[in-house]
$ cat input-v9.cif   # mmCIF, C-alpha atoms
data_protein
loop_
_atom_site.label_atom_id
_atom_site.label_comp_id
_atom_site.auth_asym_id
_atom_site.auth_seq_id
_atom_site.Cartn_x
_atom_site.Cartn_y
_atom_site.Cartn_z
CA MET P 1023 217.56 -71.48 -66.35
CA ASP P 1024 220.15 -71.62 -63.56
CA MET P 1025 222.92 -74.21 -63.67
CA PHE P 1026 222.43 -77.25 -61.41
CA LYS P 1027 224.04 -80.63 -60.69
CA PHE P 1028 222.56 -83.99 -59.74
CA VAL P 1029 224.14 -86.89 -57.84
CA ALA P 1030 222.73 -90.43 -57.68
CA PRO P 1031 224.13 -93.91 -57.02
CA GLU P 1032 223.58 -97.02 -59.10
CA PHE P 1033 220.70 -99.12 -57.79
CA ILE P 1034 218.41 -102.06 -58.48
CA PHE P 1035 214.71 -101.62 -57.64
CA GLY P 1036 212.16 -104.41 -57.49
CA SER P 1037 210.75 -107.40 -55.68
CA ASN P 1038 213.25 -110.16 -54.96
CA SER P 1039 216.17 -107.93 -55.95
CA ILE P 1040 218.00 -109.06 -52.78
CA GLN P 1041 218.87 -112.22 -54.72
CA TYR P 1042 221.53 -110.12 -56.49
CA THR P 1043 223.36 -109.18 -53.26
CA GLY P 1044 226.18 -111.69 -53.67
CA GLN P 1045 226.66 -110.88 -57.35
CA THR P 1046 226.74 -107.15 -56.59
CA LEU P 1047 229.39 -107.62 -53.90
CA LYS P 1048 231.42 -109.88 -56.18
CA ASN P 1049 231.35 -107.19 -58.88
CA LEU P 1050 232.87 -104.81 -56.33
CA GLY P 1051 235.69 -107.28 -55.73
CA ALA P 1052 234.59 -108.16 -52.19
CA ASP P 1053 236.47 -110.90 -50.35
CA HIS P 1054 235.32 -110.34 -46.74
CA ILE P 1055 232.34 -108.06 -46.19
CA PHE P 1056 231.29 -106.26 -43.03
CA ILE P 1057 227.51 -106.50 -42.56
CA VAL P 1058 226.04 -103.62 -40.54
CA THR P 1059 222.53 -104.32 -39.26
CA ASP P 1060 220.51 -104.45 -36.05
CA LYS P 1061 219.34 -107.28 -33.84
CA THR P 1062 215.74 -107.14 -35.12
CA VAL P 1063 216.54 -107.18 -38.83
CA LYS P 1064 218.95 -110.08 -38.36
CA LEU P 1065 216.04 -112.29 -37.22
CA LEU P 1066 213.73 -111.59 -40.18
CA HIS P 1067 213.09 -114.47 -42.57
CA TRP P 1068 214.51 -112.81 -45.69
CA PHE P 1069 217.83 -111.97 -43.98
CA GLU P 1070 218.94 -115.57 -44.47
CA ARG P 1071 218.29 -115.26 -48.20
CA ILE P 1072 220.78 -112.40 -48.34
CA ILE P 1073 223.37 -114.44 -46.45
CA GLU P 1074 222.81 -117.38 -48.80
CA SER P 1075 223.37 -115.11 -51.81
CA ILE P 1076 226.67 -113.95 -50.28
CA VAL P 1077 227.87 -117.45 -49.39
CA ASN P 1078 227.03 -118.73 -52.87
CA GLU P 1079 229.60 -116.28 -54.24
CA LYS P 1080 232.19 -117.63 -51.75
CA ILE P 1081 232.41 -114.26 -49.99
CA LYS P 1082 233.27 -114.26 -46.29
CA TYR P 1083 231.32 -112.04 -43.90
CA SER P 1084 231.31 -110.64 -40.37
CA ILE P 1085 228.21 -109.14 -38.74
CA TYR P 1086 228.01 -106.01 -36.61
CA ASP P 1087 224.52 -105.65 -35.12
CA ASN P 1088 225.02 -103.17 -32.27
CA VAL P 1089 223.21 -100.34 -34.05
CA THR P 1090 220.40 -98.57 -32.17
CA GLU P 1091 217.74 -96.06 -33.19
CA ASN P 1092 219.29 -92.60 -33.69
CA PRO P 1093 222.77 -94.13 -34.28
CA LYS P 1094 225.56 -92.99 -31.97
CA ASP P 1095 229.12 -91.85 -32.56
CA ILE P 1096 230.34 -94.64 -30.27
CA GLU P 1097 228.60 -97.23 -32.46
CA CYS P 1098 230.48 -95.93 -35.51
CA GLU P 1099 233.76 -96.13 -33.59
CA GLN P 1100 233.06 -99.66 -32.37
CA GLY P 1101 232.12 -100.72 -35.89
CA LYS P 1102 235.35 -99.29 -37.26
CA ILE P 1103 237.37 -101.34 -34.79
CA GLU P 1104 235.59 -104.57 -35.72
CA TYR P 1105 235.85 -103.87 -39.48
CA LEU P 1106 239.62 -103.47 -39.18
CA LEU P 1107 239.93 -106.45 -36.80
CA HIS P 1108 238.27 -108.78 -39.34
CA GLN P 1109 240.20 -107.23 -42.25
CA CYS P 1110 237.04 -106.51 -44.23
CA ASP P 1111 237.02 -104.77 -47.59
CA VAL P 1112 233.37 -103.83 -48.31
CA ILE P 1113 230.49 -102.73 -46.06
CA LEU P 1114 226.96 -104.04 -46.57
CA ALA P 1115 224.25 -102.15 -44.66
CA ILE P 1116 220.96 -104.02 -44.16
CA GLY P 1117 218.34 -102.02 -42.30
CA GLY P 1118 216.62 -98.70 -41.94
CA GLY P 1119 218.04 -95.21 -41.81
CA SER P 1120 219.80 -95.74 -38.49
CA VAL P 1121 221.68 -98.78 -39.79
CA MET P 1122 222.63 -97.16 -43.08
CA ASP P 1123 223.76 -93.93 -41.41
CA CYS P 1124 225.88 -95.90 -38.94
CA ALA P 1125 227.36 -97.87 -41.85
CA LYS P 1126 228.27 -94.60 -43.54
CA GLY P 1127 229.96 -93.45 -40.33
CA ILE P 1128 231.96 -96.68 -40.15
CA ALA P 1129 232.88 -96.40 -43.84
CA ILE P 1130 234.22 -92.90 -43.17
CA LEU P 1131 236.27 -93.91 -40.13
CA VAL P 1132 238.01 -96.94 -41.63
CA LYS P 1133 239.59 -94.65 -44.22
CA ASN P 1134 239.75 -91.32 -42.33
CA PRO P 1135 240.94 -90.34 -38.83
CA SER P 1136 238.61 -90.57 -35.81
CA PRO P 1137 236.40 -89.23 -34.27
CA ILE P 1138 233.32 -89.04 -36.47
CA LEU P 1139 232.47 -85.54 -35.21
CA LEU P 1140 235.33 -84.23 -37.37
CA TYR P 1141 233.09 -84.69 -40.41
CA GLU P 1142 230.03 -82.78 -39.25
CA GLY P 1143 228.81 -80.27 -41.80
CA ILE P 1144 229.17 -80.05 -45.57
CA ASP P 1145 232.08 -81.58 -47.54
CA GLU P 1146 234.34 -82.22 -44.55
CA ILE P 1147 235.44 -85.73 -45.66
CA HIS P 1148 238.77 -85.63 -47.47
CA LEU P 1149 239.57 -89.28 -48.24
CA PRO P 1150 237.31 -91.77 -50.08
CA ILE P 1151 235.36 -94.04 -47.74
CA ALA P 1152 235.21 -97.84 -47.77
CA PRO P 1153 233.05 -99.37 -50.53
CA LEU P 1154 229.42 -99.35 -49.40
CA VAL P 1155 226.32 -101.26 -50.52
CA CYS P 1156 222.94 -100.58 -48.89
CA ILE P 1157 219.78 -102.67 -48.64
CA PRO P 1158 217.05 -100.45 -47.13
CA THR P 1159 214.27 -102.11 -45.12
CA THR P 1160 212.03 -99.22 -44.05
CA SER P 1161 211.27 -97.08 -47.16
CA GLY P 1162 211.73 -93.79 -45.34
CA SER P 1163 215.22 -92.41 -44.84
CA ALA P 1164 216.50 -92.93 -48.42
CA ALA P 1165 219.99 -93.16 -46.93
CA GLU P 1166 220.72 -95.73 -49.65
CA ILE P 1167 220.41 -92.89 -52.20
CA SER P 1168 221.55 -89.76 -50.40
CA GLN P 1169 224.73 -87.91 -49.53
CA PHE P 1170 223.53 -87.46 -45.91
CA ALA P 1171 224.33 -89.29 -42.68
CA ILE P 1172 222.87 -88.32 -39.31
CA ILE P 1173 224.87 -89.42 -36.25
CA THR P 1174 224.15 -88.65 -32.59
CA ASN P 1175 226.91 -86.84 -30.69
CA THR P 1176 226.55 -88.63 -27.36
CA GLU P 1177 228.61 -86.15 -25.35
CA GLU P 1178 226.55 -83.10 -26.33
CA CYS P 1179 223.35 -85.08 -27.05
CA TYR P 1180 222.45 -83.76 -30.50
CA LYS P 1181 222.37 -85.15 -34.04
CA MET P 1182 225.20 -84.21 -36.36
CA ALA P 1183 224.49 -83.89 -40.07
CA ILE P 1184 227.30 -85.15 -42.31
CA VAL P 1185 226.78 -84.11 -45.92
CA SER P 1186 229.17 -85.19 -48.65
CA LYS P 1187 229.19 -86.87 -52.07
CA MET P 1188 231.79 -89.18 -50.52
CA ILE P 1189 229.05 -91.01 -48.60
CA VAL P 1190 226.72 -91.68 -51.51
CA PRO P 1191 226.67 -95.52 -51.54
CA ASP P 1192 228.36 -97.36 -54.38
CA PHE P 1193 225.25 -99.46 -54.94
CA ALA P 1194 221.77 -99.89 -53.49
CA ILE P 1195 219.51 -102.95 -53.66
CA ILE P 1196 215.97 -101.73 -53.07
CA ASP P 1197 213.57 -104.61 -52.55
CA PRO P 1198 210.01 -103.71 -51.43
CA GLU P 1199 209.52 -107.22 -50.01
CA THR P 1200 211.85 -106.34 -47.14
CA THR P 1201 209.25 -103.83 -45.92
CA LEU P 1202 206.42 -106.36 -45.57
CA THR P 1203 207.56 -107.08 -42.00
CA LYS P 1204 207.04 -103.46 -40.88
CA GLU P 1205 204.30 -102.90 -38.31
CA PHE P 1206 201.74 -100.08 -38.46
CA ASP P 1207 203.53 -97.28 -36.58
CA LEU P 1208 206.85 -97.88 -38.31
CA THR P 1209 205.07 -97.87 -41.66
CA ILE P 1210 203.41 -94.52 -40.94
CA ASN P 1211 206.45 -92.90 -39.33
CA THR P 1212 208.70 -93.75 -42.26
CA GLY P 1213 205.99 -92.76 -44.73
CA LEU P 1214 205.74 -89.33 -43.10
CA ASP P 1215 209.52 -89.08 -43.27
CA VAL P 1216 209.24 -89.60 -47.04
CA LEU P 1217 206.58 -86.89 -47.27
CA ALA P 1218 208.72 -84.45 -45.28
CA HIS P 1219 211.73 -85.17 -47.49
CA ALA P 1220 209.71 -84.53 -50.63
CA ILE P 1221 207.99 -81.34 -49.45
CA GLU P 1222 211.11 -79.80 -47.89
CA SER P 1223 213.24 -80.54 -50.94
CA TYR P 1224 210.55 -79.15 -53.27
CA MET P 1225 210.44 -75.91 -51.24
CA SER P 1226 214.23 -75.77 -50.82
CA ASN P 1227 216.04 -72.69 -52.07
CA ALA P 1228 218.42 -75.10 -53.85
CA ALA P 1229 215.67 -76.96 -55.73
CA SER P 1230 216.08 -77.52 -59.47
CA PRO P 1231 213.66 -78.71 -62.17
CA ILE P 1232 215.02 -82.24 -61.75
CA THR P 1233 214.70 -82.34 -57.95
CA LYS P 1234 211.18 -80.92 -58.16
CA LEU P 1235 210.15 -83.66 -60.60
CA HIS P 1236 211.30 -86.31 -58.15
CA ALA P 1237 209.71 -84.50 -55.19
CA LEU P 1238 206.31 -84.31 -56.91
CA ALA P 1239 206.50 -87.95 -57.98
CA SER P 1240 207.19 -88.87 -54.36
CA ILE P 1241 204.34 -86.78 -52.96
CA GLU P 1242 201.87 -88.24 -55.46
CA LEU P 1243 202.81 -91.81 -54.49
CA VAL P 1244 202.60 -91.10 -50.76
CA VAL P 1245 199.22 -89.40 -51.05
CA LYS P 1246 197.85 -92.25 -53.19
CA HIS P 1247 199.26 -95.19 -51.26
CA LEU P 1248 200.21 -94.46 -47.63
CA GLU P 1249 196.65 -94.52 -46.25
CA LEU P 1250 195.86 -97.66 -48.26
CA CYS P 1251 199.09 -99.28 -47.08
CA SER P 1252 198.22 -98.47 -43.45
CA LYS P 1253 195.01 -100.50 -43.88
CA ASP P 1254 196.64 -103.43 -45.68
CA LEU P 1255 200.19 -103.84 -44.40
CA LEU P 1256 200.89 -106.97 -46.46
CA ASN P 1257 199.87 -105.43 -49.78
CA LEU P 1258 203.01 -105.53 -51.93
CA GLU P 1259 201.65 -103.03 -54.48
CA HIS P 1260 201.31 -100.33 -51.83
CA ARG P 1261 204.64 -101.26 -50.23
CA GLU P 1262 206.33 -100.99 -53.63
CA ALA P 1263 204.75 -97.58 -54.23
CA ILE P 1264 205.93 -96.20 -50.87
CA MET P 1265 209.41 -97.62 -51.43
CA LEU P 1266 209.52 -95.92 -54.84
CA ALA P 1267 208.28 -92.70 -53.21
CA SER P 1268 211.19 -92.93 -50.79
CA VAL P 1269 213.65 -93.30 -53.67
CA HIS P 1270 212.18 -90.29 -55.50
CA ALA P 1271 212.32 -88.21 -52.32
CA GLY P 1272 215.90 -89.32 -51.69
CA LEU P 1273 216.99 -88.31 -55.18
CA SER P 1274 215.35 -84.95 -54.56
CA PHE P 1275 216.63 -84.07 -51.08
CA SER P 1276 220.10 -85.51 -51.66
CA ASN P 1277 220.52 -82.81 -54.30
CA ALA P 1278 218.27 -79.97 -53.05
CA SER P 1279 218.75 -80.65 -49.32
CA LEU P 1280 216.09 -80.09 -46.65
CA GLY P 1281 215.00 -77.42 -44.17
CA LEU P 1282 213.74 -76.51 -40.72
CA VAL P 1283 211.66 -79.68 -40.21
CA HIS P 1284 214.84 -81.71 -40.21
CA ALA P 1285 216.89 -79.14 -38.31
CA MET P 1286 214.39 -79.33 -35.44
CA ALA P 1287 213.92 -83.10 -35.71
CA HIS P 1288 217.67 -83.66 -35.44
CA ALA P 1289 217.90 -81.60 -32.23
CA LEU P 1290 214.72 -82.90 -30.59
CA GLY P 1291 215.23 -86.52 -31.64
CA ALA P 1292 218.68 -86.78 -30.08
CA ARG P 1293 217.84 -84.92 -26.87
CA TYR P 1294 214.61 -86.79 -26.09
CA ASN P 1295 215.25 -90.03 -28.04
CA LEU P 1296 212.19 -89.50 -30.24
CA THR P 1297 211.45 -91.35 -33.46
CA HIS P 1298 212.62 -89.32 -36.45
CA GLY P 1299 209.74 -89.99 -38.86
CA GLN P 1300 207.12 -89.39 -36.19
CA LEU P 1301 208.79 -86.08 -35.30
CA ASN P 1302 208.73 -85.04 -38.95
CA GLY P 1303 205.00 -85.66 -39.08
CA GLN P 1304 204.50 -83.56 -35.95
CA LEU P 1305 206.66 -80.68 -37.23
CA LEU P 1306 205.78 -80.60 -40.94
CA THR P 1307 202.55 -78.56 -40.85
CA GLY P 1308 204.08 -75.95 -38.53
CA VAL P 1309 207.23 -75.51 -40.59
CA VAL P 1310 205.28 -75.26 -43.86
CA THR P 1311 203.05 -72.64 -42.23
CA TYR P 1312 206.09 -70.68 -41.04
CA ASN P 1313 207.79 -70.87 -44.44
CA LEU P 1314 204.70 -69.59 -46.28
CA ILE P 1315 204.11 -66.55 -44.03
CA ASP P 1316 204.97 -63.42 -46.08
CA ASN P 1317 206.94 -65.66 -48.42
CA PRO P 1318 205.34 -66.28 -51.84
CA ILE P 1319 206.53 -69.84 -52.56
CA ASN P 1320 204.54 -71.51 -55.33
CA VAL P 1321 203.22 -74.79 -53.94
CA ASP P 1322 200.22 -75.05 -56.29
CA GLN P 1323 201.39 -78.34 -57.77
CA ILE P 1324 201.65 -79.93 -54.33
CA ILE P 1325 198.20 -78.62 -53.37
CA LYS P 1326 196.70 -80.06 -56.58
CA LEU P 1327 198.15 -83.51 -55.85
CA PHE P 1328 196.46 -83.55 -52.45
CA GLN P 1329 193.19 -82.12 -53.78
CA ASP P 1330 192.94 -84.60 -56.65
CA GLU P 1331 193.62 -87.67 -54.55
CA LEU P 1332 191.71 -86.70 -51.41
CA LEU P 1333 188.81 -85.13 -53.38
CA LEU P 1334 189.03 -81.98 -51.28
CA SER P 1335 188.54 -78.33 -52.16
CA ILE P 1336 190.91 -77.08 -49.42
CA THR P 1337 193.36 -74.60 -50.95
CA ASN P 1338 195.71 -74.20 -47.98
CA LEU P 1339 198.69 -76.62 -47.92
CA PRO P 1340 199.05 -76.80 -44.10
CA ASP P 1341 195.36 -77.69 -43.79
CA LEU P 1342 195.71 -80.34 -46.49
CA LEU P 1343 198.66 -81.84 -44.62
CA ASP P 1344 196.68 -81.93 -41.38
CA THR P 1345 193.73 -83.59 -43.12
CA PHE P 1346 195.90 -86.18 -44.82
CA ILE P 1347 197.81 -87.18 -41.67
CA LEU P 1348 194.65 -87.31 -39.55
CA ARG P 1349 193.01 -89.69 -42.04
CA ILE P 1350 195.81 -92.16 -41.31
CA ARG P 1351 196.64 -91.60 -37.65
CA LYS P 1352 196.36 -88.88 -35.06
CA ASN P 1353 199.74 -87.34 -34.30
CA ASP P 1354 200.88 -88.00 -30.73
CA ASN P 1355 201.65 -84.99 -28.55
CA LEU P 1356 205.26 -84.03 -28.03
CA PRO P 1357 206.48 -84.36 -24.41
CA ASN P 1358 205.64 -81.28 -22.34
CA VAL P 1359 209.27 -80.87 -21.27
CA ILE P 1360 210.12 -79.83 -24.84
CA PHE P 1361 208.17 -76.58 -24.41
CA GLU P 1362 209.93 -75.46 -21.22
CA SER P 1363 211.79 -72.21 -21.77
CA ALA P 1364 215.11 -73.56 -20.49
CA GLU P 1365 214.89 -76.56 -22.82
CA ILE P 1366 214.17 -74.35 -25.83
CA ASP P 1367 217.10 -72.10 -24.94
CA ASP P 1368 219.40 -75.10 -24.52
CA LEU P 1369 218.57 -76.56 -27.93
CA MET P 1370 218.39 -73.29 -29.86
CA MET P 1371 222.06 -73.29 -30.88
CA TYR P 1372 221.82 -76.80 -32.31
CA ILE P 1373 218.64 -76.00 -34.25
CA LEU P 1374 220.03 -72.78 -35.72
CA ASN P 1375 223.41 -74.33 -36.61
CA ASP P 1376 221.98 -77.39 -38.38
CA PRO P 1377 223.17 -77.48 -42.04
CA CYS P 1378 219.61 -78.16 -43.25
CA ASN P 1379 218.69 -74.56 -42.47
CA ALA P 1380 220.97 -73.35 -45.26
CA THR P 1381 218.36 -74.45 -47.81
CA ASN P 1382 215.21 -73.63 -45.86
CA PRO P 1383 213.18 -71.28 -48.11
CA LYS P 1384 212.91 -68.71 -45.33
CA ASP P 1385 215.60 -67.41 -42.96
CA VAL P 1386 215.60 -69.38 -39.71
CA THR P 1387 215.88 -67.14 -36.67
CA SER P 1388 215.53 -67.74 -32.94
CA GLU P 1389 212.28 -65.75 -33.05
CA GLY P 1390 210.99 -67.96 -35.85
CA VAL P 1391 211.88 -71.14 -33.96
CA ARG P 1392 210.14 -69.85 -30.82
CA TRP P 1393 207.07 -69.04 -32.92
CA LEU P 1394 207.13 -72.61 -34.21
CA TYR P 1395 207.37 -74.08 -30.71
CA GLU P 1396 204.33 -72.04 -29.68
CA PHE P 1397 202.42 -73.01 -32.84
CA ILE P 1398 202.98 -76.71 -32.07
CA ARG P 1399 202.22 -76.35 -28.34
CA GLU P 1400 198.89 -74.63 -28.99
CA ARG P 1401 197.81 -77.45 -31.33
CA GLN P 1402 198.48 -80.20 -28.80
CA THR P 1403 195.38 -81.70 -27.28
#
$ encode --input "input-v9.cif" --output "structure tokens"
Amino acid sequence: MDMFKFVAPEFIFGSNSIQYTGQTLKNLGADHIFIVTDKTVKLLHWFERIIESIVNEKIKYSIYDNVTENPKDIECEQGKIEYLLHQCDVILAIGGGSVMDCAKGIAILVKNPSPILLYEGIDEIHLPIAPLVCIPTTSGSAAEISQFAIITNTEECYKMAIVSKMIVPDFAIIDPETTLTKEFDLTINTGLDVLAHAIESYMSNAASPITKLHALASIELVVKHLELCSKDLLNLEHREAIMLASVHAGLSFSNASLGLVHAMAHALGARYNLTHGQLNGQLLTGVVTYNLIDNPINVDQIIKLFQDELLLSITNLPDLLDTFILRIRKNDNLPNVIFESAEIDDLMMYILNDPCNATNPKDVTSEGVRWLYEFIRERQT
């Protein structure tokens, strides 16, 4: 067996675990925390419970809520300025992947020189970041678990991948009840993000026995519960299962990394301001098809999970993925502009240079990417 390593943060998982927010921050020695969130999350009923937990421990707080979908480099810079202005000592991220990635960017910049683009790539952070606690609210990105942060470079209009053990949070509080306020599309988009994380990390050329265990556990939970959750959005059992699937997938991809689905989603999402999880669902079947062409990857265990739960005899993984997604929701078409030759040429460099391609199970070439564009275009209705 080859040697491998595994990185994971400390976390609490379970309903009502947000009640331990103040105690967790106190254990980290927090005096004045910097809460990173967005304007929607701040209005949700359980947000006040988190604030109450913080106040009960006599911890001061300042709130930064200027985070948008596909978080921007300028938002990280603005957050850094406010963190230093208020003399904060710990960052608390409350939100989905965009919020947590922005919080990671801020945590980098308050201890390292600006701009954030200096840290694009793998292991480019040289000084420890500010202490960071994450409370995820979307059960999709697993940013609360991973050593990834995805930040949009606003000048060049693409998503930068920052990968480093330095940005693994110090602690995560993972409470499925925070996801009960998610509407249908957000539930499905983040669920498909989980599925893409699990499948890409399982097929990764850096996968290990441990990462594959977590990937399979994630896939099984998604296949069993995502469709049921989509039909009963207030069902805490299904919400808990999808949140746990996200954690398993995060533990897997944080250590085995990802592949071409995410390389393309990073480029397309930033350029056309598209939702990340939805993009993953639109790209996943095509990328899996591409990776399996003349490339004998053993995906029998994944196929069996789909067959057993969906009671299907289909033996082809791409077809199983199509069937599963269609049972929940028809994928929307990608904008036609994406398939214009000049647009493909313009984005090609960003797709090929994305760090996620390093662990794709098949070499990523410009010819392969063009094949994938055509595969997706032909399937649009």
$ residues_around --input "input-v9.cif" --residues "Ser1186 (chain P)" --least-positions-apart "6" --cutoff "12 Å" --atoms "all atoms listed in the file" --output "mmCIF file with C-alpha atoms, in the coordinates of the input"
data_model
loop_
_atom_site.group_PDB
_atom_site.id
_atom_site.type_symbol
_atom_site.label_atom_id
_atom_site.label_comp_id
_atom_site.auth_asym_id
_atom_site.auth_seq_id
_atom_site.Cartn_x
_atom_site.Cartn_y
_atom_site.Cartn_z
ATOM 1 C CA VAL P 1029 224.140 -86.890 -57.840
ATOM 2 C CA LYS P 1126 228.270 -94.600 -43.540
ATOM 3 C CA GLY P 1127 229.960 -93.450 -40.330
ATOM 4 C CA ILE P 1130 234.220 -92.900 -43.170
ATOM 5 C CA TYR P 1141 233.090 -84.690 -40.410
ATOM 6 C CA GLU P 1142 230.030 -82.780 -39.250
ATOM 7 C CA GLY P 1143 228.810 -80.270 -41.800
ATOM 8 C CA ILE P 1144 229.170 -80.050 -45.570
ATOM 9 C CA ASP P 1145 232.080 -81.580 -47.540
ATOM 10 C CA GLU P 1146 234.340 -82.220 -44.550
ATOM 11 C CA ILE P 1147 235.440 -85.730 -45.660
ATOM 12 C CA HIS P 1148 238.770 -85.630 -47.470
ATOM 13 C CA LEU P 1149 239.570 -89.280 -48.240
ATOM 14 C CA PRO P 1150 237.310 -91.770 -50.080
ATOM 15 C CA ILE P 1151 235.360 -94.040 -47.740
ATOM 16 C CA SER P 1168 221.550 -89.760 -50.400
ATOM 17 C CA GLN P 1169 224.730 -87.910 -49.530
ATOM 18 C CA PHE P 1170 223.530 -87.460 -45.910
ATOM 19 C CA ALA P 1171 224.330 -89.290 -42.680
ATOM 20 C CA ILE P 1172 222.870 -88.320 -39.310
ATOM 21 C CA SER P 1276 220.100 -85.510 -51.660
ATOM 22 C CA ASN P 1277 220.520 -82.810 -54.300
ATOM 23 C CA SER P 1279 218.750 -80.650 -49.320
ATOM 24 C CA PRO P 1377 223.170 -77.480 -42.040
#
$ resolve_selection --input "input-v9.cif" --expression "the PyMOL selection byres ((chain P and resi 1293) around 9)" --output "PyMOL selection string"
chain P and resi 1178-1181+1288-1292+1294-1296+1369
$ resolve_selection --input "input-v9.cif" --expression "the PyMOL selection byres ((chain P and resi 1217) around 8)" --output "list in words"
Gly1213, Leu1214, Asp1215, Val1216, Ala1218, His1219, Ala1220, Ile1221, Ser1240, Ile1241, Val1244 and Ala1271 of chain P
$ resolve_selection --input "input-v9.cif" --expression "the PyMOL selection byres ((chain P and resi 1034-1042) around 9)" --output "list in words"
Glu1032, Phe1033, Thr1043, Gly1044, Gln1045, Thr1046, Leu1047, Trp1068, Arg1071, Ile1072, Glu1074, Ser1075, Ile1076, Ile1157, Phe1193, Ala1194, Ile1195, Ile1196, Asp1197, Pro1198, Glu1199, Thr1200, Leu1258, Glu1262 and Leu1266 of chain P
$ atom_distance --input "input-v9.cif" --atom1 "CA of Arg1401 (chain P)" --atom2 "CA of Met1370 (chain P)"
21.0 Å
$ closest_residue --input "input-v9.cif" --among "P:Glu1099, P:Asp1316, P:Glu1222, P:Asp1207" --to "Leu1248 (chain P)" --atoms "all atoms listed in the file"
P:Asp1207
$ closest_atom_pairs --input "input-v9.cif" --of "region 1027-1102 of chain P" --to "region 1106-1119 of chain P" --cutoff "7 Å" --atoms "only C-alpha atoms" --output "JSON lines"
{"residue": "P:Ala1052", "atom": "CA", "partner": "P:Val1112", "partner_atom": "CA", "distance": 5.9}
{"residue": "P:Asp1053", "atom": "CA", "partner": "P:Asp1111", "partner_atom": "CA", "distance": 6.7}
{"residue": "P:His1054", "atom": "CA", "partner": "P:Cys1110", "partner_atom": "CA", "distance": 4.9}
{"residue": "P:Ile1055", "atom": "CA", "partner": "P:Val1112", "partner_atom": "CA", "distance": 4.8}
{"residue": "P:Phe1056", "atom": "CA", "partner": "P:Ile1113", "partner_atom": "CA", "distance": 4.7}
{"residue": "P:Ile1057", "atom": "CA", "partner": "P:Leu1114", "partner_atom": "CA", "distance": 4.7}
{"residue": "P:Val1058", "atom": "CA", "partner": "P:Ala1115", "partner_atom": "CA", "distance": 4.7}
{"residue": "P:Thr1059", "atom": "CA", "partner": "P:Ile1116", "partner_atom": "CA", "distance": 5.2}
{"residue": "P:Val1063", "atom": "CA", "partner": "P:Gly1117", "partner_atom": "CA", "distance": 6.5}
{"residue": "P:Lys1102", "atom": "CA", "partner": "P:Leu1106", "partner_atom": "CA", "distance": 6.3}
$ closest_residue --input "input-v9.cif" --among "P:Asp1367, P:Glu1362, P:Asp1354, P:Asp1322" --to "Gln1402 (chain P)" --atoms "only C-alpha atoms"
P:Asp1354
$ atom_distance --input "input-v9.cif" --atom1 "CA of Ala1364 (chain P)" --atom2 "CA of Gln1300 (chain P)"
23.7 Å
$ closest_residue --input "input-v9.cif" --among "P:Val1132, P:Met1188, P:Ala1380, P:Leu1301" --to "Asn1355 (chain P)" --atoms "all atoms listed in the file"
P:Leu1301
$ axis_aligned_box --input "input-v9.cif" --around "region 1361-1367 of chain P" --padding-each-side "4 Å" --output "JSON"
{"center_x": 212.6, "center_y": -74.3, "center_z": -23.2, "size_x": 16.9, "size_y": 12.5, "size_z": 13.3}
$ decode --input "input-v9.cif" --residues "region 1069-1076 of chain P" --atoms "N, CA, C and O atoms" --output "compact mmCIF listing (two decimals), in the first residue's frame"
# COMPACT_ATOMS: atom_id res chain seq x y z
N PHE P 1069 -29.91 32.74 13.63
CA PHE P 1069 -28.71 33.57 13.72
C PHE P 1069 -28.64 34.24 15.10
O PHE P 1069 -27.56 34.36 15.69
N GLU P 1070 -29.80 34.67 15.59
CA GLU P 1070 -29.83 35.35 16.89
C GLU P 1070 -29.43 34.40 18.02
O GLU P 1070 -28.85 34.85 19.03
N ARG P 1071 -29.69 33.11 17.85
CA ARG P 1071 -29.27 32.15 18.87
C ARG P 1071 -27.74 32.07 18.94
O ARG P 1071 -27.16 31.90 20.03
N ILE P 1072 -27.10 32.19 17.80
CA ILE P 1072 -25.63 32.18 17.78
C ILE P 1072 -25.10 33.43 18.48
O ILE P 1072 -24.16 33.34 19.30
N ILE P 1073 -25.69 34.57 18.17
CA ILE P 1073 -25.26 35.82 18.81
C ILE P 1073 -25.45 35.74 20.33
O ILE P 1073 -24.58 36.16 21.10
N GLU P 1074 -26.58 35.20 20.75
CA GLU P 1074 -26.85 35.06 22.18
C GLU P 1074 -25.80 34.18 22.85
O GLU P 1074 -25.32 34.49 23.95
N SER P 1075 -25.41 33.10 22.19
CA SER P 1075 -24.38 32.21 22.73
C SER P 1075 -23.05 32.95 22.90
O SER P 1075 -22.32 32.74 23.87
N ILE P 1076 -22.74 33.83 21.95
CA ILE P 1076 -21.50 34.61 22.00
C ILE P 1076 -21.55 35.64 23.13
O ILE P 1076 -20.60 35.76 23.92
